[in-house]
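First the structure, in the form of structure tokens, and then the observations on it.
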Amino acid sequence: MKLLAIETAAEACSAALLIDDDIQVRFQVEPRRQSELILPMMEELLSEAGYTLGQLDALAFGRGPGSFTGVRIAAGVIQGTAFGADLPVVPVSTLAALAQRAFREQDHRAILSAFDARMNEVYWGGFRVNDRGLVTPIFDEQVAAPEAVNRPGGDGWYGVGSGWGAYAEQLSARVSLGLPGYNPELLCSAHDVALLAAAGYQAGEAVAAEQALPVYLRDQVAKKPREVRT
Amino acid sequence: MRVLGIETSCDETGVAIYDSDQGLMGHLLHSQAALHAEYGGVVPELASRDHVRKVLPLVRELLGQCGEERIDGVAYTCGPGLVGALLVGAGIGRSLAWARAVPAIGVHHMEGHLLAPLLERSGPAFPFVALLVSGGHTQLVEAQGVGRYHLLGDSLDDAAGEAFDKTAKLLGLPYPGGPELARLALQGDPDRFRFPRPMTDRPGLDFSFSGLKTFALNTLKRGLSEASVEEVQLKADIARAFEEAVVDTLVIKCRRAVRETGIPTLVLAGGVSANRSLRRRIGAMMVEQGGRAFYPRPEFCTDNGAMIAYAGWQRLRAGQAEPLKFGALPRWPLETLPPVTPDPVPGRSGLLYR
């Protein structure tokens, strides 16, 4: 399995090259500079490993939710690359990738990812780790007010993501956290996008370049003008 | 050299292929006008979301039409325009070029418009004066060659197309209102109202159109307050007077620019250059000046991929290219563009009049 993954949905910019059991990663926290950093990261990873795009099985990207522009940078770069190199794409949830990182680095197995979505809302996803060491969703991702997010049953949950910084109190009141309760600093990485994408590729989740589309969750982005009263 | 062009600066997704030997091989356009119409104007986030769905399907269809996968370079609009929308085309374009190991170039949207008449077989030759007139710009530019531009005049407030759209809105016309207003003006009485010709009574080549919109509003209010008001005719008469004022002002400034530069070739470009009244009046004025006016075909007046492929081709074949990154420049003065040397298009029409 050979796969190149990228993630630019929030403050970080990262790329990961997965070659069978080995993963090489570039990761930088550089908000607003992803469009300058991401292609050189991809190029470096390939050239250091001695690979070309044509030798890969697939590409992957963090398809959101996250910053609209950030998610579109990842989608655009992967679309162009996949089209140019004639490769399929595995879209990966950024909420899932962050949960995967919490498992990979800290061995948490019941994870609630929350990104601050502004406008007093969070992007919200709940995950458990399966027997293959991969996170799987336990409910549909959503955008919701922190007071109204999905309440998963059980206890010992671990919270990750910027949503836990902005709305710790409200979110903690909704679920039964374990100890330690949450980490708002943890950022999504292409490392975990690659891990989840490799499994997704085996499961037949790869799509054509033009289907590598963002998932925003928030779809109400503009108000229509009120009818003019006469 | 064969260049793929991608345009996503506002609410049109355009793609095209320009080839050194075959010229324009094909172009496709997806307009988002219907998407934005119910909001009464372009919603930037919706524009970006639509571009990211449309660019690649259009590129795939275009390459299919051309019957060949070969691309030797990629050009994409990277400014001026809506940042989010620009980043979509730039991201896809730059990455596609990287994956194909071909050079890429970010194109200035207004340079695309300015060079669009050169897509035609009997296009103009340098030097020429260009009136760039669209929803975002009203500029007079002296063009000595590709990338050798001198700004002669600019709008101090609303662009001409913006004034058209805003006035159309207050007349109750559906978005995008400019062409609707022009249609309504055909039924208007040219003698009923006379609107001012802003900034024509003083020297210089700058424009100001925001006052005309206010003038139209006041005229409308006054007209509607009259006892026996024929509302449809009133609006048509206002549309007529407004259009004549804008066209007259543009013609006066163009005449001045042609005289001051001594360049007898005028190029009209940008969305408003599709306006028939403007084309007719500019054409007549240039004949009277002993010169000639050039316009792109109507489909290349508005935003399109062909002009981006062509402008990019001019620069790529001169050896210009981007490093391995991309970006968007919402504001980007035309005069800061690097020149392309040597001047690749030999003079033709310019020589006739010198």
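Following the order of the structure tokens, first chain is A, next is B, and so on, with residues numbered from 1 inside each chain and ligands from 1 in the order they appear.
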
Interface list for chain B, partner chain A, 8 Å threshold, only C-alpha atoms, as a list of chain:residue names: B:Glu38, B:Tyr39, B:Gly40, B:Val43, B:Glu45, B:Leu46, B:Val52, B:Arg53, B:Leu56, B:Pro57, B:Gly84, B:Leu87, B:Val88, B:Gly89, B:Gly91, B:Ile92, B:Gly93, B:Arg94, B:Ser95, B:Leu96, B:Ala97, B:Trp98, B:Ala99, B:Arg100, B:Leu324, B:Lys325, B:Phe326, B:Gly327

Test item: residues at most 8 Å from range 122-134 of chain A, only C-alpha atoms, excluding those fewer than 3 positions along its chain, as a ChimeraX atom specification: /A:65-66,95-96,99-100,103,109-118,137-146,149-150,152,163,196,217

Which of range 280-325 of chain B fall in helix (DSSP H, G or I), as number ranges by chain: B: 280-288, 298-300, 305-316

The selected residues should be written to file as a PDB file, in the first residue's frame (atoms: C-alpha atoms).
ATOM      1  CA  ARG B 280     -21.708  51.085 -31.560  1.00  0.00           C
ATOM      2  CA  ARG B 281     -20.708  54.429 -30.092  1.00  0.00           C
ATOM      3  CA  ILE B 282     -17.061  53.452 -29.545  1.00  0.00           C
ATOM      4  CA  GLY B 283     -16.840  52.087 -33.084  1.00  0.00           C
ATOM      5  CA  ALA B 284     -18.222  55.320 -34.540  1.00  0.00           C
ATOM      6  CA  MET B 285     -15.921  57.439 -32.401  1.00  0.00           C
ATOM      7  CA  MET B 286     -12.834  55.518 -33.536  1.00  0.00           C
ATOM      8  CA  VAL B 287     -13.803  55.901 -37.188  1.00  0.00           C
ATOM      9  CA  GLU B 288     -14.163  59.624 -36.591  1.00  0.00           C
ATOM     10  CA  PRO B 298     -19.375  38.399 -26.877  1.00  0.00           C
ATOM     11  CA  GLU B 299     -18.604  35.135 -25.062  1.00  0.00           C
ATOM     12  CA  PHE B 300     -15.079  36.392 -24.356  1.00  0.00           C
ATOM     13  CA  GLY B 305     -11.092  30.402 -19.515  1.00  0.00           C
ATOM     14  CA  ALA B 306      -9.915  31.192 -23.046  1.00  0.00           C
ATOM     15  CA  MET B 307      -8.431  34.553 -22.110  1.00  0.00           C
ATOM     16  CA  ILE B 308      -6.581  32.962 -19.173  1.00  0.00           C
ATOM     17  CA  ALA B 309      -5.200  30.160 -21.321  1.00  0.00           C
ATOM     18  CA  TYR B 310      -4.054  32.756 -23.875  1.00  0.00           C
ATOM     19  CA  ALA B 311      -2.481  35.189 -21.391  1.00  0.00           C
ATOM     20  CA  GLY B 312      -0.809  32.248 -19.640  1.00  0.00           C
ATOM     21  CA  TRP B 313       0.452  30.898 -22.952  1.00  0.00           C
ATOM     22  CA  GLN B 314       2.057  34.280 -23.733  1.00  0.00           C
ATOM     23  CA  ARG B 315       3.966  34.162 -20.448  1.00  0.00           C
ATOM     24  CA  LEU B 316       4.799  30.460 -20.283  1.00  0.00           C
TER      25      LEU B 316
END

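Our summary of the geometry notes that CA of Leu28 in chain B is positioned 20.2 Å from CA of Gly79 in chain B.
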
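Of the residues in range 255-319 of chain B, those that DSSP places in strand (DSSP E) on the basis of the backbone are Thr265, Leu266, Val267, Leu268, Ala269, Arg292, Ala293 and Phe294 of chain B.
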
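Using only C-alpha atoms for every distance, the candidate list B:Gln233, B:Ser210, B:Ser9, B:Gln187 yields B:Ser9 as the residue closest to Gln32 in chain B.
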
Non-local contacts of range 142-148 of chain B (12 Å; only C-alpha atoms; under 6 positions in same chain excluded) as a ChimeraX atom specification: /B:107-108,110-112,114-116,118,124-132,205,254,257-258,260-267,310-316,318,320,333-347,350

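Nearest residue to Ala148 in chain A, choosing from A:His191, A:Arg174, A:Arg104, A:Arg26 and counting only C-alpha atoms: A:Arg174.
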
Contacts of Ser134 in chain B at 6 Å (only C-alpha atoms; same-chain gap of 2+ positions) as a VMD selection string: chain B and resid 136 to 137 161 270 to 272
